[in-house]
Protein chains: 2
Amino acid sequence: MDAEGLSADELFCFLKAKRNEDRSYSHILSSMCTTPHPVAVQAHNLFMETNLGDPGLFPGTAQLEDHLIRWFADLYQEPSAGGCTTSGGTESNIQVLRFCKKTKQVKNPNIIVPASAHFSFEKACGMMDVEMRVAPIDDQYRMIPDATGELIDKNTCCIVSVAGTTEYGMTDPIPALGKLAEQEGVHLHVDAAFGGYVLPFIDHAPPFDFSVPGVGSISVDPHKMGMSTIPSGILMVRDERVFCNLLVETPYLTTKQAYSLTGTRPGASVAAAYAVMAYLGRTGMKALVTGCMENTRRLIEGMEAFGVPRKVTPDVNVATFDHVSVPSPWTVSYTRKGDLRIVCMPHVTRDVVESFLTDFGESYVSHSN
Amino acid sequence: MDAEGLSADELFCFLKAKRNEDRSYSHILSSMCTTPHPVAVQAHNLFMETNLGDPGLFPGTAQLEDHLIRWFADLYQEPSAGGCTTSGGTESNIQVLRFCKKTKQVKNPNIIVPASAHFSFEKACGMMDVEMRVAPIDDQYRMIPDATGELIDKNTCCIVSVAGTTEYGMTDPIPALGKLAEQEGVHLHVDAAFGGYVLPFIDHAPPFDFSVPGVGSISVDPHKMGMSTIPSGILMVRDERVFCNLLVETPYLTTKQAYSLTGTRPGASVAAAYAVMAYLGRTGMKALVTGCMENTRRLIEGMEAFGVPRKVTPDVNVATFDHVSVPSPWTVSYTRKGDLRIVCMPHVTRDVVESFLTDFGESYVSHSN
């Protein structure tokens with residue numbers, strides 16, 4: 001960069017050129033993020049300069065955070081639940097480990113995660129000197145409660161289960177895990193970063209929320225299926241007193257204590273997350289999720305018609321298949337085991353699915369011949 | 001919220017009402033955040049949907065992150081320095097502790113921070129089981145090198161110093177601390193969350209950057225004096241190989257390993273931070289900082305003319321005074337010791353300072369009579 005700086009025209013010419021080097025969501029089938037909803041973008045702009053790290057300066061914005069938490073408390077069937085917003089799933093999971101570790105107060109704490117857990121737990125455990133014990137999953141990629149129970153000892157401060165796994169879109173048997181957690185007196189956390197915006201809007205979905213006895217906390221990310229702006233996470237807790245373990249003094253701010261992990265933090269993405277929920281309502285979210293699930297089913301049927309079998313019938317809008325290559329410009333992903341993985345986010349419309357299937361079919365048939 | 005959702009008109013009527021309950025920056029004298037620069041907001045919108053947690057999807061945005069890091073490497077006088085963007089000062093400081101702890105590999109690690117350090121170190125040490133040793137500060141609120149040296153032992157993995165303290169705007173004697181760090185073989189981190197955008201643009205400012213032998217890392221926040229959007233932090237390291245200690249596997253993403261603390265993370269605020277620097281250049285930043293420092297001096301002179309003495313002559317645009325009350329609607333803050341503290345951010349223009357001094361003078365004189 002020059003000492004003198006660019007003109008606004010020069011700057012935005014350059015920025016637009018860089019933005020054009022990014023791939024377009026229109027052909028991204030691998031991401032759990034999506035184009036934010038227009039009301040999210042508009043709300044984000046209205047609250048662009050707000051800082052929830054100093055909520056006394058921004059009481060109106062802080063109320064939106066409260067409204068969002070209350071909305072999820074109702075959705076997750078425990079109106080007295082507490083919660084806070086975060087920068088996303090990783091921070092939410094770190095916060096859970098922080099309070100579990102503080103509550104348990106043992107010298108060598110451990111947590112139990114399913115083999116399907118997100119890699120953020122490896123990071124969190126590594127930095128916090130918590131042993132991560134990995135529970136096996138069954139042939140449907142779900143955590144096995146009996147095997148989980150065998151890993152528990154007096155130093156276990158948390159069991160982590162997943163509602164909508166990143167790789168295979170599966171939900172662990174949370175009622176059985178909740179029973180285990182209650183029996184053993186261990187906190188059960190549900191990582192619903194993806195599924196927390198999906199499962200409540202599917203009929204007969206596997207249970208995962210506070211209606212399940214033993215569930216102590218749930219994390220969910222508005223910047224995934226909540227169609228909100230990045231960064232946006234929510235951590236819900238059945239008993240908000242757990243946050244008291246995280247308080248530190250915050251001199252020279254308008255509030256004198258805080259339990260958030262970060263200091264300065266955006267009000268904009270909180271307002272955006274609120275805006276999407278207030279605008280769509282449960283009815284609109286149900287319509288959105290129904291569409292994504294229909295597209296997932298159509299994709300699975302289409303791929304199987306080409307002779308590429310599904311790995312599993314997912315609980316959420318993540319489809320996986322035997323390993324095959326896909327033609328450009330489509331961007332897909334592969335699981336740790338090498339299976340093809342496609343996430344049917346809202347930008348992956350029915351037209352996109354059909355277009356992908358057409359391209360895939362032509363490429364696959366020609367390679368097979 | 002209703003099941004059916006609000007209309008866009010209803011939603012934004014409500015959101016605007018909430019936004020109006022927030023205080024306006026025009027009377028906020030307590031914050032280290034400010035109204036973002038217009039080019040930051042425009043760039044933020046252009047990159048709103050980008051996710052640097054999956055940089056292979058957004059190679060253009062990832063290049064802006066590289067450009068921003070290179071700009072700071074040059075500014076901080078070590079062109080081969082590495083770096084990464086974060087959500088702000090707390091995450092940057094956590095990342096430093098993560099790699100210091102991993103590098104040192106001792107059973108009971110400790111770090112040494114000055115009594116003036118930001119409260120984020122208490123959080124970071126608490127969650128990471130690192131002992132926080134507090135070094136005393138002198139009557140100018142600066143860390144005392146000799147006393148710091150006495151706290152070092154074989155388990156010390158990091159010395160933290162501050163360039164532009166949150167409370168008093170002071171810079172620690174970093175050359176002496178760098179010498180100590182080199183002698184003892186300990187990493188020296190400079191928390192320049194605030195001062196990192198100020199000191200390089202002041203003539204004869206105290207040295208704090210990589211030109212000082214022994215400085216291993218520097219954190220700086222674009223969402224403070226960088227006039228960028230929240231959340232935005234940068235962590236610069238003299239030797240980027242330290243990040244290798246933080247790598248975890250990231251299956252199903254376009255890159256296979258990552259060292260960031262968070263997963264999904266905004267490209268928008270990175271583009272915004274880049275935009276402000278590219279637009280203003282060093283010349284524009286110098287003009288901005290010069291204005292803030294002149295306003296700080298004018299505020300100090302004005303308050304002293306009323307008989308309210310400064311606590312110290314600050315290195316950056318933070319002014320502190322004996323404890324006095326200020327009239328509404330001005331929002332000020334007080335340090336842990338109870339001293340009045342005012343941050344002369346870019347939104348605190350000369351007119352704002354004069355207006356505050358007039359209001360303060362009327363209120364103070366009438367109370368004194």
# chains A, B, ... in the order shown; residues from 1 in each chain; ligands from 1
$ residues_around --residues "range 2-11 of chain A" --least-positions-apart "6" --cutoff "7 Å" --atoms "only C-alpha atoms" --output "PyMOL selection string"
chain B and resi 278-283
$ write_last_selection --atoms "C-alpha atoms" --output "short mmCIF file (atom, residue, chain, number, x, y, z; two decimals), in the first residue's frame"
data_model
loop_
_atom_site.label_atom_id
_atom_site.label_comp_id
_atom_site.auth_asym_id
_atom_site.auth_seq_id
_atom_site.Cartn_x
_atom_site.Cartn_y
_atom_site.Cartn_z
CA ALA B 278 -5.50 1.47 1.72
CA TYR B 279 -7.67 4.58 1.53
CA LEU B 280 -6.00 6.66 4.23
CA GLY B 281 -2.46 5.41 3.72
CA ARG B 282 0.17 6.27 6.28
CA THR B 283 -0.32 9.95 5.48
#
$ select_by_dssp --residues "range 142-334 of chain B" --states "strand (DSSP E or B)" --output "ChimeraX atom specification"
/B:143,156-163,171,187-191,215-220,233-237,248-249,257-258,266,310,318-321,331,333-334
$ write_last_selection --atoms "N, CA and C atoms" --output "short mmCIF file (atom, residue, chain, number, x, y, z; two decimals), in the first residue's frame"
data_model
loop_
_atom_site.label_atom_id
_atom_site.label_comp_id
_atom_site.auth_asym_id
_atom_site.auth_seq_id
_atom_site.Cartn_x
_atom_site.Cartn_y
_atom_site.Cartn_z
N MET B 143 5.13 -0.53 33.42
CA MET B 143 5.68 -1.77 33.97
C MET B 143 7.15 -1.55 34.37
N THR B 156 8.13 -19.59 33.25
CA THR B 156 7.57 -18.40 32.62
C THR B 156 7.60 -18.56 31.10
N CYS B 157 6.43 -18.54 30.48
CA CYS B 157 6.40 -18.73 29.02
C CYS B 157 6.13 -17.44 28.25
N CYS B 158 5.79 -16.36 28.94
CA CYS B 158 5.51 -15.11 28.22
C CYS B 158 5.56 -13.92 29.17
N ILE B 159 6.15 -12.84 28.68
CA ILE B 159 6.03 -11.53 29.34
C ILE B 159 5.10 -10.69 28.45
N VAL B 160 4.11 -10.10 29.06
CA VAL B 160 3.17 -9.24 28.32
C VAL B 160 3.47 -7.79 28.67
N SER B 161 3.59 -6.95 27.66
CA SER B 161 3.72 -5.51 27.90
C SER B 161 2.65 -4.82 27.09
N VAL B 162 2.39 -3.58 27.41
CA VAL B 162 1.28 -2.88 26.77
C VAL B 162 1.77 -1.60 26.10
N ALA B 163 1.31 -1.40 24.86
CA ALA B 163 1.61 -0.16 24.14
C ALA B 163 0.30 0.62 24.01
N THR B 171 2.65 3.58 27.61
CA THR B 171 3.39 2.51 26.95
C THR B 171 4.51 2.04 27.87
N HIS B 187 9.34 -15.34 25.63
CA HIS B 187 8.62 -14.60 24.60
C HIS B 187 8.11 -13.28 25.17
N LEU B 188 8.28 -12.20 24.43
CA LEU B 188 7.70 -10.91 24.82
C LEU B 188 6.57 -10.55 23.87
N HIS B 189 5.35 -10.44 24.43
CA HIS B 189 4.19 -10.02 23.64
C HIS B 189 3.87 -8.57 23.96
N VAL B 190 3.57 -7.79 22.91
CA VAL B 190 3.17 -6.40 23.09
C VAL B 190 1.67 -6.29 22.77
N ASP B 191 0.88 -5.98 23.78
CA ASP B 191 -0.55 -5.75 23.57
C ASP B 191 -0.71 -4.30 23.12
N VAL B 215 11.07 -8.30 20.97
CA VAL B 215 9.61 -8.31 20.78
C VAL B 215 9.25 -9.47 19.87
N GLY B 216 8.41 -10.40 20.36
CA GLY B 216 8.07 -11.59 19.59
C GLY B 216 6.72 -11.51 18.91
N SER B 217 5.79 -10.74 19.48
CA SER B 217 4.45 -10.63 18.87
C SER B 217 3.80 -9.32 19.30
N ILE B 218 2.87 -8.87 18.46
CA ILE B 218 2.17 -7.61 18.69
C ILE B 218 0.71 -7.81 18.30
N SER B 219 -0.22 -7.46 19.18
CA SER B 219 -1.63 -7.48 18.81
C SER B 219 -2.13 -6.05 18.62
N VAL B 220 -3.01 -5.88 17.64
CA VAL B 220 -3.54 -4.55 17.31
C VAL B 220 -4.96 -4.72 16.77
N GLY B 233 -9.45 -7.90 14.82
CA GLY B 233 -8.17 -7.88 15.50
C GLY B 233 -7.09 -8.43 14.59
N ILE B 234 -5.85 -8.09 14.89
CA ILE B 234 -4.71 -8.62 14.14
C ILE B 234 -3.65 -9.07 15.14
N LEU B 235 -3.09 -10.22 14.89
CA LEU B 235 -1.95 -10.69 15.69
C LEU B 235 -0.75 -10.83 14.77
N MET B 236 0.28 -10.04 15.03
CA MET B 236 1.52 -10.10 14.25
C MET B 236 2.57 -10.86 15.06
N VAL B 237 3.34 -11.71 14.36
CA VAL B 237 4.41 -12.47 15.05
C VAL B 237 5.71 -12.32 14.26
N VAL B 248 -4.67 -27.51 13.72
CA VAL B 248 -5.51 -28.70 13.87
C VAL B 248 -5.98 -29.10 12.47
N GLU B 249 -6.32 -30.37 12.32
CA GLU B 249 -6.85 -30.86 11.05
C GLU B 249 -8.25 -30.27 10.83
N GLN B 257 -5.74 -27.74 7.21
CA GLN B 257 -5.32 -27.43 8.57
C GLN B 257 -5.58 -25.96 8.83
N ALA B 258 -5.81 -25.61 10.08
CA ALA B 258 -6.02 -24.21 10.43
C ALA B 258 -5.46 -23.96 11.82
N PRO B 266 -15.50 -13.86 9.82
CA PRO B 266 -15.89 -12.91 8.79
C PRO B 266 -14.75 -12.42 7.92
N ARG B 310 -4.46 16.56 35.44
CA ARG B 310 -4.23 15.28 34.76
C ARG B 310 -3.58 14.30 35.73
N VAL B 318 -5.65 8.96 25.31
CA VAL B 318 -6.48 8.64 26.48
C VAL B 318 -6.08 9.63 27.57
N ALA B 319 -7.05 10.38 28.07
CA ALA B 319 -6.75 11.40 29.09
C ALA B 319 -7.38 11.00 30.42
N THR B 320 -6.61 11.14 31.49
CA THR B 320 -7.14 10.80 32.83
C THR B 320 -6.93 11.96 33.78
N PHE B 321 -7.84 12.05 34.74
CA PHE B 321 -7.88 13.19 35.65
C PHE B 321 -8.29 12.73 37.05
N THR B 331 -21.04 10.63 28.43
CA THR B 331 -20.70 9.34 29.01
C THR B 331 -19.19 9.23 29.10
N SER B 333 -15.84 7.45 31.69
CA SER B 333 -15.60 6.24 32.47
C SER B 333 -14.59 6.57 33.56
N TYR B 334 -14.44 5.63 34.48
CA TYR B 334 -13.51 5.81 35.59
C TYR B 334 -12.62 4.58 35.69
#
$ closest_residue --among "A:Ala73, A:Ile111, A:Val186, A:Ala275" --to "chain B" --atoms "only C-alpha atoms"
A:Ala275
$ closest_residue --among "A:Asp54, A:Asp359, A:Glu304, A:Asp351" --to "chain B" --atoms "only C-alpha atoms"
A:Asp54
$ closest_residue --among "A:Pro175, A:Thr103, A:Asp139, A:Pro38" --to "Asn155 in chain A" --atoms "only C-alpha atoms"
A:Thr103
$ closest_residue --among "B:Lys286, B:His27, B:Lys123, B:Arg241" --to "chain A" --atoms "only C-alpha atoms"
B:Lys123
$ closest_residue --among "B:Thr61, B:Thr254, B:Ser116, B:Ser325" --to "Gly338 in chain B" --atoms "only C-alpha atoms"
B:Ser325
$ residues_around --residues "Ser30 in chain A" --least-positions-apart "5" --cutoff "12 Å" --atoms "only C-alpha atoms" --output "PyMOL selection string"
(chain A and resi 23-25+166-167+317-320+330-335+340-345+347-348) or (chain B and resi 54+56-57+251-254)
$ write_last_selection --atoms "C-alpha atoms" --output "mmCIF file, in the first residue's frame"
data_model
loop_
_atom_site.group_PDB
_atom_site.id
_atom_site.type_symbol
_atom_site.label_atom_id
_atom_site.label_comp_id
_atom_site.auth_asym_id
_atom_site.auth_seq_id
_atom_site.Cartn_x
_atom_site.Cartn_y
_atom_site.Cartn_z
ATOM 1 C CA ARG A 23 -16.112 -18.450 -5.708
ATOM 2 C CA SER A 24 -19.813 -17.752 -6.005
ATOM 3 C CA TYR A 25 -22.244 -19.474 -3.641
ATOM 4 C CA THR A 166 -21.026 -31.582 10.201
ATOM 5 C CA GLU A 167 -20.034 -34.572 8.124
ATOM 6 C CA ASN A 317 -29.920 -31.286 4.968
ATOM 7 C CA VAL A 318 -26.473 -32.864 4.563
ATOM 8 C CA ALA A 319 -26.206 -35.630 1.950
ATOM 9 C CA THR A 320 -23.307 -38.097 1.736
ATOM 10 C CA TRP A 330 -19.097 -27.397 -8.603
ATOM 11 C CA THR A 331 -17.404 -27.254 -5.204
ATOM 12 C CA VAL A 332 -18.175 -30.234 -3.028
ATOM 13 C CA SER A 333 -16.376 -31.685 -0.023
ATOM 14 C CA TYR A 334 -15.321 -35.093 1.240
ATOM 15 C CA THR A 335 -15.528 -36.469 4.764
ATOM 16 C CA LEU A 340 -18.746 -37.237 -1.025
ATOM 17 C CA ARG A 341 -20.572 -34.619 1.083
ATOM 18 C CA ILE A 342 -23.063 -32.014 -0.128
ATOM 19 C CA VAL A 343 -24.861 -29.502 2.097
ATOM 20 C CA CYS A 344 -28.234 -28.399 0.706
ATOM 21 C CA MET A 345 -28.163 -24.851 2.095
ATOM 22 C CA HIS A 347 -28.728 -21.134 -1.830
ATOM 23 C CA VAL A 348 -28.776 -24.730 -3.136
ATOM 24 C CA ASP B 54 -12.891 -21.712 4.509
ATOM 25 C CA GLY B 56 -10.253 -21.794 -0.476
ATOM 26 C CA LEU B 57 -13.787 -20.677 -1.292
ATOM 27 C CA PRO B 251 -11.518 -32.081 7.287
ATOM 28 C CA TYR B 252 -14.160 -31.186 4.666
ATOM 29 C CA LEU B 253 -12.855 -27.641 4.280
ATOM 30 C CA THR B 254 -10.888 -26.369 1.305
#
$ atom_distance --atom1 "CA of Ser363 in chain B" --atom2 "CA of Asn20 in chain B"
26.7 Å
$ select_by_dssp --residues "range 32-237 of chain A" --states "helix (DSSP H, G or I)" --output "MDAnalysis selection string"
chainID A and resid 38:46 55:57 59:75 89:104 120:128 145:151 174:184 195:197 199:201
$ closest_residue --among "A:Thr90, A:Ser80, A:Thr255, A:Thr148" --to "chain B" --atoms "only C-alpha atoms"
A:Thr90
$ residues_around --residues "range 194-202 of chain A" --least-positions-apart "2" --cutoff "8 Å" --atoms "only C-alpha atoms" --output "list in words"
Met32, Leu75, Tyr76, Ala163, Gly164, Thr165, Thr166, Ala192, His204, Ala205, Pro206, Ser219, Val220, Asp221, Pro222, Lys224, Met225, Gly226, Arg282, Met285, Lys286, Val289, Thr290, Asp315 and Val316 of chain A
$ residues_around --residues "Phe121 in chain B" --least-positions-apart "5" --cutoff "9 Å" --atoms "only C-alpha atoms" --output "list in words"
Thr90, Asn93, Ile94, Val113, Gly126 and Met132 of chain B
